[in-house]
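Structure below is structure.pdb: PDB, C-alpha atoms.
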```pdb
ATOM      1  CA  VAL A   1     -82.339 263.986 -64.220
ATOM      2  CA  ALA A   2     -78.647 263.348 -64.867
ATOM      3  CA  ALA A   3     -78.697 260.115 -62.836
ATOM      4  CA  SER A   4     -81.860 258.909 -64.554
ATOM      5  CA  ALA A   5     -80.409 259.663 -67.989
ATOM      6  CA  LYS A   6     -77.376 257.507 -67.198
ATOM      7  CA  ARG A   7     -79.692 254.540 -66.659
ATOM      8  CA  SER A   8     -81.647 255.130 -69.873
ATOM      9  CA  PRO A   9     -80.133 254.093 -73.199
ATOM     10  CA  GLY A  10     -80.663 256.740 -75.854
ATOM     11  CA  VAL A  11     -81.121 259.515 -73.283
ATOM     12  CA  GLU A  12     -78.373 262.013 -72.638
ATOM     13  CA  TRP A  13     -78.390 264.829 -70.073
ATOM     14  CA  LEU A  14     -76.787 267.862 -71.703
ATOM     15  CA  GLY A  15     -77.230 270.441 -68.965
ATOM     16  CA  ARG A  16     -77.527 274.143 -69.637
ATOM     17  CA  LYS A  17     -76.699 275.243 -73.201
ATOM     18  CA  PRO A  18     -76.670 278.595 -75.028
ATOM     19  CA  LEU A  19     -79.898 279.338 -76.908
ATOM     20  CA  SER A  20     -78.300 278.956 -80.346
ATOM     21  CA  GLN A  21     -77.126 275.469 -79.399
ATOM     22  CA  VAL A  22     -80.532 274.620 -77.929
ATOM     23  CA  TYR A  23     -82.148 275.451 -81.285
ATOM     24  CA  GLU A  24     -79.579 273.337 -83.114
ATOM     25  CA  LEU A  25     -80.146 270.382 -80.782
ATOM     26  CA  MET A  26     -83.906 270.836 -80.999
ATOM     27  CA  GLY A  27     -83.723 270.619 -84.773
ATOM     28  CA  GLU A  28     -81.687 267.408 -84.561
ATOM     29  CA  ALA A  29     -84.127 265.740 -82.155
ATOM     30  CA  LYS A  30     -86.566 263.159 -83.546
ATOM     31  CA  PHE A  31     -89.342 264.842 -81.573
ATOM     32  CA  LEU A  32     -89.802 267.004 -78.494
ATOM     33  CA  VAL A  33     -91.607 265.733 -75.395
ATOM     34  CA  ILE A  34     -93.193 268.402 -73.202
ATOM     35  CA  SER A  35     -94.723 266.623 -70.245
ATOM     36  CA  SER A  36     -96.171 269.599 -68.386
ATOM     37  CA  GLU A  37     -99.323 268.885 -66.410
ATOM     38  CA  TRP A  38    -100.169 272.593 -66.149
ATOM     39  CA  TYR A  39    -102.300 274.796 -68.360
ATOM     40  CA  GLU A  40     -99.508 276.616 -70.163
ATOM     41  CA  THR A  41    -100.592 280.011 -71.484
ATOM     42  CA  PHE A  42     -98.471 279.789 -74.618
ATOM     43  CA  GLY A  43     -96.226 277.098 -75.982
ATOM     44  CA  ARG A  44     -93.097 279.044 -76.978
ATOM     45  CA  VAL A  45     -90.903 275.941 -76.761
ATOM     46  CA  GLY A  46     -93.450 274.070 -78.863
ATOM     47  CA  ILE A  47     -93.448 276.811 -81.502
ATOM     48  CA  GLU A  48     -89.639 276.808 -81.511
ATOM     49  CA  ALA A  49     -89.663 273.048 -82.110
ATOM     50  CA  LEU A  50     -92.131 273.395 -84.987
ATOM     51  CA  ALA A  51     -89.899 276.102 -86.477
ATOM     52  CA  LYS A  52     -87.090 273.537 -86.547
ATOM     53  CA  GLY A  53     -89.375 270.879 -88.061
ATOM     54  CA  THR A  54     -89.434 268.892 -84.839
ATOM     55  CA  PRO A  55     -92.738 267.167 -84.022
ATOM     56  CA  LEU A  56     -94.246 267.547 -80.558
ATOM     57  CA  VAL A  57     -95.408 265.034 -77.975
ATOM     58  CA  VAL A  58     -97.331 267.026 -75.378
ATOM     59  CA  ALA A  59     -99.831 266.515 -72.591
ATOM     60  CA  ASN A  60    -103.357 266.963 -73.903
ATOM     61  CA  ILE A  61    -103.962 270.047 -71.804
ATOM     62  CA  GLY A  62    -103.881 273.776 -72.403
ATOM     63  CA  ALA A  63    -102.211 275.784 -75.142
ATOM     64  CA  LEU A  64     -99.514 273.222 -75.941
ATOM     65  CA  ALA A  65    -102.117 270.664 -76.958
ATOM     66  CA  GLU A  66    -103.706 273.278 -79.232
ATOM     67  CA  LEU A  67    -100.480 273.419 -81.252
ATOM     68  CA  VAL A  68    -100.681 269.721 -82.105
ATOM     69  CA  ILE A  69    -102.507 268.324 -85.096
ATOM     70  CA  PRO A  70    -102.458 264.622 -84.142
ATOM     71  CA  GLU A  71    -100.296 262.425 -86.363
ATOM     72  CA  GLN A  72     -99.432 265.438 -88.525
ATOM     73  CA  ASN A  73     -97.124 267.628 -86.429
ATOM     74  CA  GLY A  74     -97.115 265.610 -83.216
ATOM     75  CA  LEU A  75     -99.080 263.588 -80.714
ATOM     76  CA  THR A  76    -100.810 264.253 -77.422
ATOM     77  CA  PHE A  77    -100.930 262.034 -74.368
ATOM     78  CA  GLU A  78    -103.118 261.895 -71.288
ATOM     79  CA  PRO A  79    -101.690 264.245 -68.617
ATOM     80  CA  GLY A  80    -100.139 262.353 -65.717
ATOM     81  CA  ASN A  81    -100.324 259.014 -67.533
ATOM     82  CA  ALA A  82     -96.748 257.758 -67.982
ATOM     83  CA  GLU A  83     -97.899 254.596 -69.767
ATOM     84  CA  ASN A  84     -99.802 256.636 -72.326
ATOM     85  CA  LEU A  85     -96.756 258.865 -72.870
ATOM     86  CA  ILE A  86     -94.546 255.786 -73.348
ATOM     87  CA  ALA A  87     -97.031 254.353 -75.837
ATOM     88  CA  LYS A  88     -96.991 257.578 -77.885
ATOM     89  CA  VAL A  89     -93.179 257.729 -77.902
ATOM     90  CA  GLU A  90     -92.957 254.067 -78.930
ATOM     91  CA  TRP A  91     -95.581 254.656 -81.643
ATOM     92  CA  LEU A  92     -93.386 257.397 -83.124
ATOM     93  CA  LEU A  93     -90.160 255.415 -82.836
ATOM     94  CA  ASP A  94     -91.797 252.422 -84.554
ATOM     95  CA  ARG A  95     -92.800 254.587 -87.557
ATOM     96  CA  PRO A  96     -89.686 256.332 -88.909
ATOM     97  CA  GLN A  97     -91.327 257.118 -92.261
ATOM     98  CA  LYS A  98     -94.347 258.686 -90.551
ATOM     99  CA  LEU A  99     -92.005 260.599 -88.271
ATOM    100  CA  GLU A 100     -90.221 262.090 -91.303
ATOM    101  CA  GLN A 101     -93.586 263.142 -92.765
ATOM    102  CA  MET A 102     -94.458 264.733 -89.436
ATOM    103  CA  ARG A 103     -91.148 266.639 -89.448
ATOM    104  CA  ALA A 104     -91.965 268.151 -92.838
ATOM    105  CA  PHE A 105     -95.494 269.010 -91.748
ATOM    106  CA  ALA A 106     -94.261 270.547 -88.477
ATOM    107  CA  ARG A 107     -92.127 273.034 -90.393
ATOM    108  CA  ALA A 108     -94.915 273.740 -92.901
ATOM    109  CA  ASP A 109     -97.347 274.285 -90.023
ATOM    110  CA  PHE A 110     -94.954 276.790 -88.463
ATOM    111  CA  GLU A 111     -94.606 278.632 -91.780
ATOM    112  CA  ALA A 112     -98.386 278.737 -92.206
ATOM    113  CA  LYS A 113     -99.275 279.964 -88.708
ATOM    114  CA  TYR A 114     -96.445 281.242 -86.568
ATOM    115  CA  THR A 115     -94.009 283.413 -88.516
ATOM    116  CA  ALA A 116     -93.425 287.014 -87.448
ATOM    117  CA  ALA A 117     -95.097 288.312 -90.602
ATOM    118  CA  ASP A 118     -98.182 286.150 -90.041
ATOM    119  CA  ASN A 119     -98.443 287.215 -86.408
ATOM    120  CA  HIS A 120     -98.059 290.872 -87.384
ATOM    121  CA  CYS A 121    -101.002 290.541 -89.790
ATOM    122  CA  ARG A 122    -103.099 288.793 -87.133
ATOM    123  CA  LEU A 123    -102.303 291.495 -84.599
ATOM    124  CA  LEU A 124    -103.380 294.216 -87.038
ATOM    125  CA  GLU A 125    -106.615 292.293 -87.677
ATOM    126  CA  ILE A 126    -107.271 292.132 -83.925
ATOM    127  CA  TYR A 127    -106.659 295.885 -83.569
ATOM    128  CA  ALA A 128    -108.998 296.607 -86.475
ATOM    129  CA  LEU A 129    -111.688 294.374 -84.986
ATOM    130  CA  ALA A 130    -111.324 296.009 -81.567
ATOM    131  CA  GLN A 131    -111.533 299.436 -83.147
ATOM    132  CA  ALA A 132    -114.627 298.460 -85.150
ATOM    133  CA  ASN A 133    -116.275 297.049 -82.016
ATOM    134  CA  GLN A 134    -115.510 300.234 -80.102
ATOM    135  CA  HIS A 135    -117.116 302.377 -82.810
ATOM    136  CA  SER A 136    -120.192 300.154 -83.062
ATOM    137  CA  SER A 137    -120.740 300.058 -79.293
ATOM    138  CA  SER A 138    -120.478 303.833 -78.946
ATOM    139  CA  LYS A 139    -123.323 304.474 -81.426
TER
END
```
Could you show the structure in this file as structure tokens?
Amino acid sequence: VAASAKRSPGVEWLGRKPLSQVYELMGEAKFLVISSEWYETFGRVGIEALAKGTPLVVANIGALAELVIPEQNGLTFEPGNAENLIAKVEWLLDRPQKLEQMRAFARADFEAKYTAADNHCRLLEIYALAQANQHSSSK
């Protein structure tokens, strides 16, 4: 990765960083590319990026793709298709005004769906539903 970054203008290999610095860097990034070809079970890194107002560019597969509202908080690309990924990155870089709108929406999307308070409420709703289903099935 380090050698490849040296050959790529605009790409810098930073190595391992403390979490607080990772969050700071993530917030400064224009967008976050997550190129996983696996079915991730949950997109923690994606949620962290949204919390910082950083749009996502992710493979259209699994839970990460479910975080993306295309052209609002990020973009998806075809898994394993480097040309499609390049096209999506270039699309974003060619539209700085749209990218700024996406940054604002990414943060708003996080606030609307992924805060601790929101997740606490959802968890209580799930428990209540499970409890109601248990009572109805035992009758």
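If only C-alpha atoms are the atoms counted, then among A:Glu71, A:Asp118, A:Glu66, A:Glu12 the closest residue to A:Thr41 is A:Glu66.
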Could you give me, as a PDB file with C-alpha atoms, in the frame of the given file, the residues within 7 Å of A:Phe77, counting all atoms listed in the file and dropping anything in the same chain fewer than 4 positions from it?
```
ATOM      1  CA  VAL A  58     -97.331 267.026 -75.378  1.00  0.00           C
ATOM      2  CA  ALA A  59     -99.831 266.515 -72.591  1.00  0.00           C
ATOM      3  CA  ASN A  60    -103.357 266.963 -73.903  1.00  0.00           C
ATOM      4  CA  ASN A  84     -99.802 256.636 -72.326  1.00  0.00           C
ATOM      5  CA  LEU A  85     -96.756 258.865 -72.870  1.00  0.00           C
ATOM      6  CA  LYS A  88     -96.991 257.578 -77.885  1.00  0.00           C
TER       7      LYS A  88
END
```
task: For A:Leu56, please output as a PyMOL selection string all residues within 7 Å (counting all atoms listed in the file; exclusion window: fewer than 6 positions along the same chain).
output: chain A and resi 31-33+46+68+73-75
field: Option closest in space to A:Ala112, from A:Leu25, A:Glu83, A:Trp13, A:Ile47 [counting all atoms listed in the file]
entry: A:Ile47
- request: Apply the PyMOL selection byres ((chain A and resi 106) around 12) to the displayed file and report the matching residues as a PyMOL selection string.
  value: chain A and resi 27+30-32+46-57+67-75+99-105+107-114
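Going from atom CA of A:Gly62 over to atom CA of A:Phe42, you cover 8.4 Å.
Going from atom CA of A:Val89 over to atom CA of A:Ser8, you cover 14.3 Å.
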